[in-house]
$ cat entry_26.cif   # mmCIF, C-alpha atoms; chains and numbers go by the auth columns
data_coords
#
loop_
_atom_site.group_PDB
_atom_site.id
_atom_site.type_symbol
_atom_site.label_atom_id
_atom_site.label_comp_id
_atom_site.label_asym_id
_atom_site.label_seq_id
_atom_site.Cartn_x
_atom_site.Cartn_y
_atom_site.Cartn_z
_atom_site.B_iso_or_equiv
_atom_site.auth_seq_id
_atom_site.auth_asym_id
ATOM 1 C CA MET A 1 0.407 -0.837 -9.726 0.00 1 A
ATOM 2 C CA LYS A 2 -1.139 -4.302 -9.556 0.00 2 A
ATOM 3 C CA ILE A 3 -4.909 -4.293 -9.067 0.00 3 A
ATOM 4 C CA ARG A 4 -6.562 -7.615 -8.353 0.00 4 A
ATOM 5 C CA LEU A 5 -10.243 -8.074 -8.980 0.00 5 A
ATOM 6 C CA PRO A 6 -12.332 -10.672 -7.142 0.00 6 A
ATOM 7 C CA ALA A 7 -13.467 -13.729 -9.061 0.00 7 A
ATOM 8 C CA ASN A 8 -17.124 -12.693 -9.069 0.00 8 A
ATOM 9 C CA MET A 9 -16.224 -9.384 -10.760 0.00 9 A
ATOM 10 C CA LEU A 10 -14.183 -11.183 -13.430 0.00 10 A
ATOM 11 C CA MET A 11 -17.065 -13.571 -14.101 0.00 11 A
ATOM 12 C CA ALA A 12 -19.450 -10.642 -14.448 0.00 12 A
ATOM 13 C CA LEU A 13 -17.075 -8.845 -16.804 0.00 13 A
ATOM 14 C CA CYS A 14 -16.813 -11.948 -18.971 0.00 14 A
ATOM 15 C CA VAL A 15 -20.604 -12.154 -19.300 0.00 15 A
ATOM 16 C CA LEU A 16 -20.915 -8.422 -19.924 0.00 16 A
ATOM 17 C CA THR A 17 -18.511 -8.465 -22.856 0.00 17 A
ATOM 18 C CA THR A 18 -20.317 -11.304 -24.620 0.00 18 A
ATOM 19 C CA THR A 19 -23.979 -10.445 -23.929 0.00 19 A
ATOM 20 C CA SER A 20 -25.084 -7.015 -25.110 0.00 20 A
ATOM 21 C CA ALA A 21 -28.547 -7.335 -23.563 0.00 21 A
ATOM 22 C CA ILE A 22 -27.141 -7.274 -20.025 0.00 22 A
ATOM 23 C CA SER A 23 -26.369 -4.037 -18.171 0.00 23 A
ATOM 24 C CA TYR A 24 -22.724 -2.973 -18.171 0.00 24 A
ATOM 25 C CA GLY A 25 -22.837 -2.511 -14.404 0.00 25 A
ATOM 26 C CA VAL A 26 -20.618 -4.879 -12.438 0.00 26 A
ATOM 27 C CA PRO A 27 -22.380 -5.649 -9.123 0.00 27 A
ATOM 28 C CA LEU A 28 -20.220 -5.018 -6.059 0.00 28 A
ATOM 29 C CA PHE A 29 -22.937 -6.203 -3.642 0.00 29 A
ATOM 30 C CA ASN A 30 -24.350 -9.666 -4.321 0.00 30 A
ATOM 31 C CA GLY A 31 -27.523 -9.401 -2.208 0.00 31 A
ATOM 32 C CA LEU A 32 -26.636 -12.589 -0.309 0.00 32 A
ATOM 33 C CA ASN A 33 -23.800 -11.756 2.070 0.00 33 A
ATOM 34 C CA LEU A 34 -20.995 -9.284 2.771 0.00 34 A
ATOM 35 C CA SER A 35 -18.560 -10.925 0.347 0.00 35 A
ATOM 36 C CA GLY A 36 -16.068 -8.296 -0.775 0.00 36 A
ATOM 37 C CA TRP A 37 -16.913 -5.895 2.050 0.00 37 A
ATOM 38 C CA THR A 38 -15.547 -5.208 5.548 0.00 38 A
ATOM 39 C CA TYR A 39 -17.468 -3.268 8.177 0.00 39 A
ATOM 40 C CA HIS A 40 -16.081 -1.256 11.077 0.00 40 A
ATOM 41 C CA GLY A 41 -17.947 -0.515 14.285 0.00 41 A
ATOM 42 C CA SER A 42 -21.471 -1.916 14.531 0.00 42 A
ATOM 43 C CA PRO A 43 -22.271 -4.731 12.086 0.00 43 A
ATOM 44 C CA TRP A 44 -23.736 -4.252 8.636 0.00 44 A
ATOM 45 C CA VAL A 45 -26.158 -6.981 7.601 0.00 45 A
ATOM 46 C CA VAL A 46 -27.949 -8.349 4.555 0.00 46 A
ATOM 47 C CA THR A 47 -31.683 -8.169 5.226 0.00 47 A
ATOM 48 C CA ARG A 48 -34.316 -10.700 4.186 0.00 48 A
ATOM 49 C CA TYR A 49 -35.099 -8.352 1.290 0.00 49 A
ATOM 50 C CA ALA A 50 -31.530 -8.801 -0.068 0.00 50 A
ATOM 51 C CA THR A 51 -30.532 -5.264 0.893 0.00 51 A
ATOM 52 C CA LEU A 52 -27.480 -4.020 2.785 0.00 52 A
ATOM 53 C CA ALA A 53 -28.183 -2.113 6.010 0.00 53 A
ATOM 54 C CA ASN A 54 -26.260 -0.819 9.001 0.00 54 A
ATOM 55 C CA THR A 55 -27.126 -1.651 12.599 0.00 55 A
ATOM 56 C CA GLY A 56 -26.160 0.031 15.852 0.00 56 A
ATOM 57 C CA THR A 57 -26.052 3.794 16.266 0.00 57 A
ATOM 58 C CA GLY A 58 -25.126 4.615 12.706 0.00 58 A
ATOM 59 C CA ASN A 59 -22.639 7.372 13.446 0.00 59 A
ATOM 60 C CA ALA A 60 -19.201 8.106 11.967 0.00 60 A
ATOM 61 C CA ASN A 61 -17.740 4.975 13.604 0.00 61 A
ATOM 62 C CA ASP A 62 -20.108 2.585 11.784 0.00 62 A
ATOM 63 C CA TRP A 63 -18.779 2.432 8.228 0.00 63 A
ATOM 64 C CA ILE A 64 -18.202 -0.225 5.607 0.00 64 A
ATOM 65 C CA GLU A 65 -15.585 -0.459 2.853 0.00 65 A
ATOM 66 C CA TYR A 66 -15.169 -2.413 -0.349 0.00 66 A
ATOM 67 C CA ASN A 67 -12.044 -4.587 -0.287 0.00 67 A
ATOM 68 C CA THR A 68 -10.950 -3.958 -3.889 0.00 68 A
ATOM 69 C CA GLN A 69 -9.868 -0.663 -5.409 0.00 69 A
ATOM 70 C CA LEU A 70 -11.708 0.798 -8.365 0.00 70 A
ATOM 71 C CA LEU A 71 -9.576 1.074 -11.474 0.00 71 A
ATOM 72 C CA PRO A 72 -8.346 4.549 -12.502 0.00 72 A
ATOM 73 C CA ASP A 73 -10.481 6.940 -14.569 0.00 73 A
ATOM 74 C CA PRO A 74 -12.679 6.731 -16.503 0.00 74 A
ATOM 75 C CA PHE A 75 -15.374 4.865 -14.582 0.00 75 A
ATOM 76 C CA THR A 76 -18.974 5.045 -13.386 0.00 76 A
ATOM 77 C CA PHE A 77 -20.163 4.207 -9.881 0.00 77 A
ATOM 78 C CA GLU A 78 -23.866 3.789 -9.085 0.00 78 A
ATOM 79 C CA ILE A 79 -25.697 3.055 -5.849 0.00 79 A
ATOM 80 C CA ARG A 80 -29.408 2.652 -5.096 0.00 80 A
ATOM 81 C CA MET A 81 -30.148 3.563 -1.496 0.00 81 A
ATOM 82 C CA ARG A 82 -32.572 5.149 0.911 0.00 82 A
ATOM 83 C CA VAL A 83 -32.179 6.950 4.215 0.00 83 A
ATOM 84 C CA LEU A 84 -34.331 5.345 6.914 0.00 84 A
ATOM 85 C CA ASP A 85 -33.899 7.702 9.864 0.00 85 A
ATOM 86 C CA CYS A 86 -31.555 10.108 11.656 0.00 86 A
ATOM 87 C CA THR A 87 -30.967 11.423 15.173 0.00 87 A
ATOM 88 C CA ASN A 88 -30.898 15.113 14.238 0.00 88 A
ATOM 89 C CA THR A 89 -32.861 17.385 11.943 0.00 89 A
ATOM 90 C CA THR A 90 -30.948 16.301 8.828 0.00 90 A
ATOM 91 C CA PRO A 91 -29.420 12.914 7.871 0.00 91 A
ATOM 92 C CA ARG A 92 -25.709 12.720 7.095 0.00 92 A
ATOM 93 C CA PRO A 93 -25.153 9.616 4.904 0.00 93 A
ATOM 94 C CA ARG A 94 -22.031 9.729 2.741 0.00 94 A
ATOM 95 C CA ILE A 95 -20.387 7.649 0.053 0.00 95 A
ATOM 96 C CA ILE A 96 -16.662 8.383 0.060 0.00 96 A
ATOM 97 C CA LEU A 97 -14.195 7.594 -2.721 0.00 97 A
ATOM 98 C CA VAL A 98 -10.735 7.772 -1.199 0.00 98 A
ATOM 99 C CA ALA A 99 -7.295 7.126 -2.693 0.00 99 A
ATOM 100 C CA LYS A 100 -5.365 4.154 -1.303 0.00 100 A
ATOM 101 C CA ASN A 101 -2.397 6.292 -0.320 0.00 101 A
ATOM 102 C CA LEU A 102 -4.624 8.583 1.697 0.00 102 A
ATOM 103 C CA PRO A 103 -5.529 6.954 5.039 0.00 103 A
ATOM 104 C CA TYR A 104 -9.228 6.949 5.805 0.00 104 A
ATOM 105 C CA GLU A 105 -10.317 8.205 9.203 0.00 105 A
ATOM 106 C CA ILE A 106 -13.797 8.543 10.633 0.00 106 A
ATOM 107 C CA HIS A 107 -13.604 12.319 10.310 0.00 107 A
ATOM 108 C CA ASP A 108 -13.640 14.030 6.933 0.00 108 A
ATOM 109 C CA VAL A 109 -10.417 12.868 5.257 0.00 109 A
ATOM 110 C CA GLY A 110 -11.880 11.702 1.936 0.00 110 A
ATOM 111 C CA ARG A 111 -10.981 12.676 -1.591 0.00 111 A
ATOM 112 C CA ILE A 112 -14.487 12.653 -3.084 0.00 112 A
ATOM 113 C CA TYR A 113 -17.788 12.664 -1.243 0.00 113 A
ATOM 114 C CA PHE A 114 -21.345 12.400 -2.419 0.00 114 A
ATOM 115 C CA GLY A 115 -24.066 12.493 0.163 0.00 115 A
ATOM 116 C CA ASN A 116 -25.555 14.789 2.749 0.00 116 A
ATOM 117 C CA GLU A 117 -23.349 17.428 4.367 0.00 117 A
ATOM 118 C CA GLY A 118 -25.436 20.515 5.184 0.00 118 A
ATOM 119 C CA PHE A 119 -28.701 21.104 7.018 0.00 119 A
ATOM 120 C CA VAL A 120 -31.013 20.278 4.107 0.00 120 A
ATOM 121 C CA ASN A 121 -31.853 16.822 2.737 0.00 121 A
ATOM 122 C CA GLN A 122 -29.712 16.899 -0.381 0.00 122 A
ATOM 123 C CA PHE A 123 -27.272 14.609 -2.186 0.00 123 A
ATOM 124 C CA GLU A 124 -24.349 16.837 -3.162 0.00 124 A
ATOM 125 C CA ILE A 125 -20.746 16.231 -4.217 0.00 125 A
ATOM 126 C CA TYR A 126 -17.666 17.759 -2.615 0.00 126 A
ATOM 127 C CA GLY A 127 -14.114 16.906 -1.542 0.00 127 A
ATOM 128 C CA ASP A 128 -10.519 17.993 -1.996 0.00 128 A
ATOM 129 C CA ASP A 129 -10.152 15.986 -5.229 0.00 129 A
ATOM 130 C CA LEU A 130 -12.892 18.022 -6.936 0.00 130 A
ATOM 131 C CA THR A 131 -12.856 21.547 -8.298 0.00 131 A
ATOM 132 C CA ASN A 132 -15.191 23.691 -10.425 0.00 132 A
ATOM 133 C CA ILE A 133 -18.223 22.122 -8.734 0.00 133 A
ATOM 134 C CA ASN A 134 -21.407 23.392 -10.369 0.00 134 A
ATOM 135 C CA GLN A 135 -24.972 22.520 -9.383 0.00 135 A
ATOM 136 C CA VAL A 136 -27.208 22.155 -12.438 0.00 136 A
ATOM 137 C CA GLY A 137 -30.240 20.300 -11.060 0.00 137 A
ATOM 138 C CA ASP A 138 -32.370 19.543 -8.016 0.00 138 A
ATOM 139 C CA ASP A 139 -30.428 17.494 -5.441 0.00 139 A
ATOM 140 C CA HIS A 140 -33.095 17.181 -2.720 0.00 140 A
ATOM 141 C CA TYR A 141 -34.371 13.831 -1.477 0.00 141 A
ATOM 142 C CA ALA A 142 -36.977 12.436 0.908 0.00 142 A
ATOM 143 C CA VAL A 143 -36.262 10.163 3.879 0.00 143 A
ATOM 144 C CA GLY A 144 -37.653 6.680 3.292 0.00 144 A
ATOM 145 C CA HIS A 145 -37.670 6.972 -0.513 0.00 145 A
ATOM 146 C CA TRP A 146 -35.343 5.025 -2.785 0.00 146 A
ATOM 147 C CA HIS A 147 -32.892 7.066 -4.855 0.00 147 A
ATOM 148 C CA VAL A 148 -30.283 6.136 -7.458 0.00 148 A
ATOM 149 C CA LEU A 149 -27.004 8.077 -7.268 0.00 149 A
ATOM 150 C CA ARG A 150 -24.648 7.853 -10.241 0.00 150 A
ATOM 151 C CA PHE A 151 -21.098 9.257 -10.296 0.00 151 A
ATOM 152 C CA GLU A 152 -19.360 9.363 -13.680 0.00 152 A
ATOM 153 C CA VAL A 153 -15.756 10.323 -14.473 0.00 153 A
ATOM 154 C CA ASP A 154 -14.662 10.488 -18.102 0.00 154 A
ATOM 155 C CA GLY A 155 -11.125 10.267 -19.457 0.00 155 A
ATOM 156 C CA ARG A 156 -10.644 14.031 -19.277 0.00 156 A
ATOM 157 C CA ASN A 157 -11.201 14.460 -15.526 0.00 157 A
ATOM 158 C CA GLN A 158 -14.752 15.689 -16.058 0.00 158 A
ATOM 159 C CA VAL A 159 -17.271 14.568 -13.425 0.00 159 A
ATOM 160 C CA SER A 160 -21.044 14.213 -13.771 0.00 160 A
ATOM 161 C CA PHE A 161 -23.322 13.381 -10.847 0.00 161 A
ATOM 162 C CA PHE A 162 -26.898 12.173 -11.325 0.00 162 A
ATOM 163 C CA LYS A 163 -29.785 11.702 -8.899 0.00 163 A
ATOM 164 C CA ASP A 164 -32.549 9.431 -10.194 0.00 164 A
ATOM 165 C CA GLY A 165 -31.321 9.835 -13.764 0.00 165 A
ATOM 166 C CA MET A 166 -31.207 13.643 -13.666 0.00 166 A
ATOM 167 C CA LEU A 167 -27.885 15.520 -13.894 0.00 167 A
ATOM 168 C CA THR A 168 -27.475 17.523 -10.692 0.00 168 A
ATOM 169 C CA TYR A 169 -23.742 18.401 -10.510 0.00 169 A
ATOM 170 C CA THR A 170 -20.731 18.748 -12.763 0.00 170 A
ATOM 171 C CA ALA A 171 -17.134 19.118 -11.586 0.00 171 A
ATOM 172 C CA THR A 172 -13.496 18.550 -12.497 0.00 172 A
ATOM 173 C CA ARG A 173 -11.450 15.850 -10.842 0.00 173 A
ATOM 174 C CA ILE A 174 -7.906 16.887 -9.914 0.00 174 A
ATOM 175 C CA THR A 175 -6.235 13.451 -9.925 0.00 175 A
ATOM 176 C CA GLU A 176 -6.829 10.144 -11.712 0.00 176 A
ATOM 177 C CA SER A 177 -5.802 7.801 -8.913 0.00 177 A
ATOM 178 C CA PRO A 178 -7.604 4.522 -8.174 0.00 178 A
ATOM 179 C CA LEU A 179 -10.139 4.776 -5.394 0.00 179 A
ATOM 180 C CA ASN A 180 -11.525 2.778 -2.491 0.00 180 A
ATOM 181 C CA ILE A 181 -15.238 2.858 -1.592 0.00 181 A
ATOM 182 C CA ILE A 182 -16.321 3.860 1.920 0.00 182 A
ATOM 183 C CA ILE A 183 -20.003 4.084 2.929 0.00 183 A
ATOM 184 C CA ARG A 184 -20.999 5.866 6.112 0.00 184 A
ATOM 185 C CA PRO A 185 -24.602 6.185 7.415 0.00 185 A
ATOM 186 C CA GLY A 186 -24.042 9.298 9.524 0.00 186 A
ATOM 187 C CA ASP A 187 -21.579 11.376 11.518 0.00 187 A
ATOM 188 C CA SER A 188 -21.101 12.717 15.040 0.00 188 A
ATOM 189 C CA TRP A 189 -23.749 15.397 14.454 0.00 189 A
ATOM 190 C CA SER A 190 -26.479 13.172 13.022 0.00 190 A
ATOM 191 C CA ALA A 191 -26.337 9.383 13.218 0.00 191 A
ATOM 192 C CA GLY A 192 -28.778 7.276 11.274 0.00 192 A
ATOM 193 C CA HIS A 193 -29.574 4.196 9.246 0.00 193 A
ATOM 194 C CA ILE A 194 -29.498 3.572 5.514 0.00 194 A
ATOM 195 C CA GLU A 195 -30.487 0.690 3.266 0.00 195 A
ATOM 196 C CA ILE A 196 -28.820 -0.205 -0.043 0.00 196 A
ATOM 197 C CA SER A 197 -30.302 -2.454 -2.724 0.00 197 A
ATOM 198 C CA SER A 198 -27.538 -2.314 -5.344 0.00 198 A
ATOM 199 C CA ILE A 199 -23.990 -1.059 -5.871 0.00 199 A
ATOM 200 C CA GLU A 200 -22.521 -1.173 -9.376 0.00 200 A
ATOM 201 C CA TYR A 201 -19.249 -0.199 -10.977 0.00 201 A
ATOM 202 C CA VAL A 202 -18.655 0.308 -14.695 0.00 202 A
ATOM 203 C CA PRO A 203 -15.039 0.549 -15.947 0.00 203 A
ATOM 204 C CA GLU A 204 -14.357 2.306 -19.226 0.00 204 A
ATOM 205 C CA PRO A 205 -15.090 0.160 -22.328 0.00 205 A
ATOM 206 C CA ALA A 206 -11.488 -0.808 -23.181 0.00 206 A
ATOM 207 C CA THR A 207 -10.827 -2.020 -19.635 0.00 207 A
ATOM 208 C CA LEU A 208 -14.139 -3.847 -19.603 0.00 208 A
ATOM 209 C CA LEU A 209 -13.273 -5.686 -22.802 0.00 209 A
ATOM 210 C CA LEU A 210 -9.753 -6.627 -21.723 0.00 210 A
ATOM 211 C CA LEU A 211 -10.897 -7.898 -18.334 0.00 211 A
ATOM 212 C CA GLY A 212 -13.715 -9.852 -19.938 0.00 212 A
ATOM 213 C CA LEU A 213 -11.400 -11.480 -22.467 0.00 213 A
ATOM 214 C CA GLY A 214 -8.962 -12.352 -19.705 0.00 214 A
ATOM 215 C CA ALA A 215 -11.725 -13.949 -17.656 0.00 215 A
ATOM 216 C CA ALA A 216 -12.891 -15.952 -20.690 0.00 216 A
ATOM 217 C CA VAL A 217 -9.373 -17.318 -21.221 0.00 217 A
ATOM 218 C CA LEU A 218 -9.134 -18.355 -17.570 0.00 218 A
ATOM 219 C CA LEU A 219 -12.478 -20.138 -17.759 0.00 219 A
ATOM 220 C CA ARG A 220 -11.436 -22.074 -20.863 0.00 220 A
ATOM 221 C CA LYS A 221 -8.170 -23.122 -19.203 0.00 221 A
ATOM 222 C CA ARG A 222 -10.023 -24.389 -16.142 0.00 222 A
ATOM 223 C CA ARG A 223 -12.491 -26.362 -18.242 0.00 223 A
ATOM 224 C CA ALA A 224 -9.623 -27.936 -20.213 0.00 224 A
ATOM 225 C CA LYS A 225 -8.024 -29.351 -17.047 0.00 225 A
#

$ encode --input "entry_26.cif" --output "structure tokens"
Amino acid sequence: MKIRLPANMLMALCVLTTTSAISYGVPLFNGLNLSGWTYHGSPWVVTRYATLANTGTGNANDWIEYNTQLLPDPFTFEIRMRVLDCTNTTPRPRIILVAKNLPYEIHDVGRIYFGNEGFVNQFEIYGDDLTNINQVGDDHYAVGHWHVLRFEVDGRNQVSFFKDGMLTYTATRITESPLNIIIRPGDSWSAGHIEISSIEYVPEPATLLLLGLGAAVLLRKRRAK
């Protein structure tokens, strides 16, 4: 399988492998525009505060996807977001990691979900690519407050999910396929609006090093021309 990474990701990887003081997170949202992302339904916009937000109704039809697949396990995916409002008693925002060979539809056809599903404000994980799901910490959240959600998959199919730095769920991933990122602010039961300040992806160290070295070689070749 050939996986192509955008130039801005390669540049970031190059810097990350040569500067230990910088975070290992590769930013997928640049805070300036929707580069690398495609929205469906009502537009998603970059606000004057450099955050990503959905407009329109905010139901299951208003979703946004990242245009490049994540590399296979292991990896870490982190998003800082807040729920602004909802049309029902409970918000239903969801981040969906879905395999490329599994078509995404607006109804629940994802492989891995983390977000709000029930009737309580909670960030939980679920999906048909997860098994042995075990809650080990508090997963509740407050509307209007910023929260950091971190999804980690190691090289042995073990999953850890963190809310604001605290481990809240563990699970086992069934497959190791590459994944696409889908973000949805709500569903047909409860539409709403969310705001995102950062989205980061961390490949496993060996992949990070190889990609960084490759990017460095490309930069040297360009400068030599």

$ closest_atom_pairs --input "entry_26.cif" --of "segment 137-211 of chain A" --to "segment 60-70 of chain A" --cutoff "8 Å" --atoms "all atoms listed in the file" --output "CSV"
residue,atom,partner,partner_atom,distance
A:Pro178,CA,A:Leu70,CA,5.5
A:Leu179,CA,A:Leu70,CA,5.2
A:Asn180,CA,A:Gln69,CA,4.8
A:Ile181,CA,A:Tyr66,CA,5.4
A:Ile182,CA,A:Glu65,CA,4.5
A:Ile183,CA,A:Ile64,CA,5.4
A:Arg184,CA,A:Trp63,CA,4.6
A:Pro185,CA,A:Trp63,CA,7.0
A:Gly186,CA,A:Ala60,CA,5.6
A:Asp187,CA,A:Ala60,CA,4.1
A:Ser188,CA,A:Ala60,CA,5.9
A:Ala191,CA,A:Ala60,CA,7.4

$ resolve_selection --input "entry_26.cif" --expression "the PyMOL selection byres ((chain A and resi 177) around 12)" --output "NGL selection string"
:A and (1 or 69-75 or 97-102 or 111-112 or 129 or 153 or 157 or 173-176 or 178-180)

$ residues_around --input "entry_26.cif" --residues "segment 83-91 of chain A" --least-positions-apart "4" --cutoff "9 Å" --atoms "all atoms listed in the file" --output "list of chain:residue names"
A:Gly58, A:Asn116, A:Glu117, A:Gly118, A:Phe119, A:Val120, A:Asn121, A:Ala142, A:Val143, A:Gly144, A:His145, A:Trp146, A:Pro185, A:Gly186, A:Asp187, A:Trp189, A:Ser190, A:Ala191, A:Gly192, A:His193, A:Ile194, A:Glu195, A:Ile196

$ residues_around --input "entry_26.cif" --residues "segment 163-169 of chain A" --least-positions-apart "4" --cutoff "8 Å" --atoms "only C-alpha atoms" --output "PDB file with C-alpha atoms, in the frame of the given file"
ATOM      1  CA  PHE A 123     -27.272  14.609  -2.186  1.00  0.00           C
ATOM      2  CA  GLU A 124     -24.349  16.837  -3.162  1.00  0.00           C
ATOM      3  CA  ILE A 125     -20.746  16.231  -4.217  1.00  0.00           C
ATOM      4  CA  ILE A 133     -18.223  22.122  -8.734  1.00  0.00           C
ATOM      5  CA  ASN A 134     -21.407  23.392 -10.369  1.00  0.00           C
ATOM      6  CA  GLN A 135     -24.972  22.520  -9.383  1.00  0.00           C
ATOM      7  CA  VAL A 136     -27.208  22.155 -12.438  1.00  0.00           C
ATOM      8  CA  GLY A 137     -30.240  20.300 -11.060  1.00  0.00           C
ATOM      9  CA  ASP A 138     -32.370  19.543  -8.016  1.00  0.00           C
ATOM     10  CA  ASP A 139     -30.428  17.494  -5.441  1.00  0.00           C
ATOM     11  CA  HIS A 147     -32.892   7.066  -4.855  1.00  0.00           C
ATOM     12  CA  VAL A 148     -30.283   6.136  -7.458  1.00  0.00           C
ATOM     13  CA  LEU A 149     -27.004   8.077  -7.268  1.00  0.00           C
ATOM     14  CA  ARG A 150     -24.648   7.853 -10.241  1.00  0.00           C
TER      15      ARG A 150
END

$ resolve_selection --input "entry_26.cif" --expression "the PyMOL selection byres ((chain A and resi 47-49) around 12)" --output "MDAnalysis selection string"
chainID A and resid 31:34 44:46 50:55 194:198

$ closest_residue --input "entry_26.cif" --among "A:Thr131, A:Ser35, A:Asn59, A:Gln158" --to "Arg94 of chain A" --atoms "all atoms listed in the file"
A:Asn59

$ atom_distance --input "entry_26.cif" --atom1 "atom CA of Gln122 of chain A" --atom2 "atom CA of Gly41 of chain A"
25.6 Å

$ atom_distance --input "entry_26.cif" --atom1 "atom CA of Glu78 of chain A" --atom2 "atom CA of Pro43 of chain A"
22.9 Å

$ atom_distance --input "entry_26.cif" --atom1 "atom CA of Phe162 of chain A" --atom2 "atom CA of Asp128 of chain A"
19.7 Å

$ residues_around --input "entry_26.cif" --residues "Val159 of chain A" --least-positions-apart "6" --cutoff "8 Å" --atoms "all atoms listed in the file" --output "list in words"
Phe151, Glu152, Val153, Thr170, Ala171, Thr172 and Arg173 of chain A

$ closest_residue --input "entry_26.cif" --among "A:Gly36, A:Pro203, A:Pro93, A:Pro27" --to "Asp154 of chain A" --atoms "only C-alpha atoms"
A:Pro203

$ closest_residue --input "entry_26.cif" --among "A:Leu130, A:Asn30, A:Glu200, A:Ile96" --to "Ser160 of chain A" --atoms "all atoms listed in the file"
A:Leu130
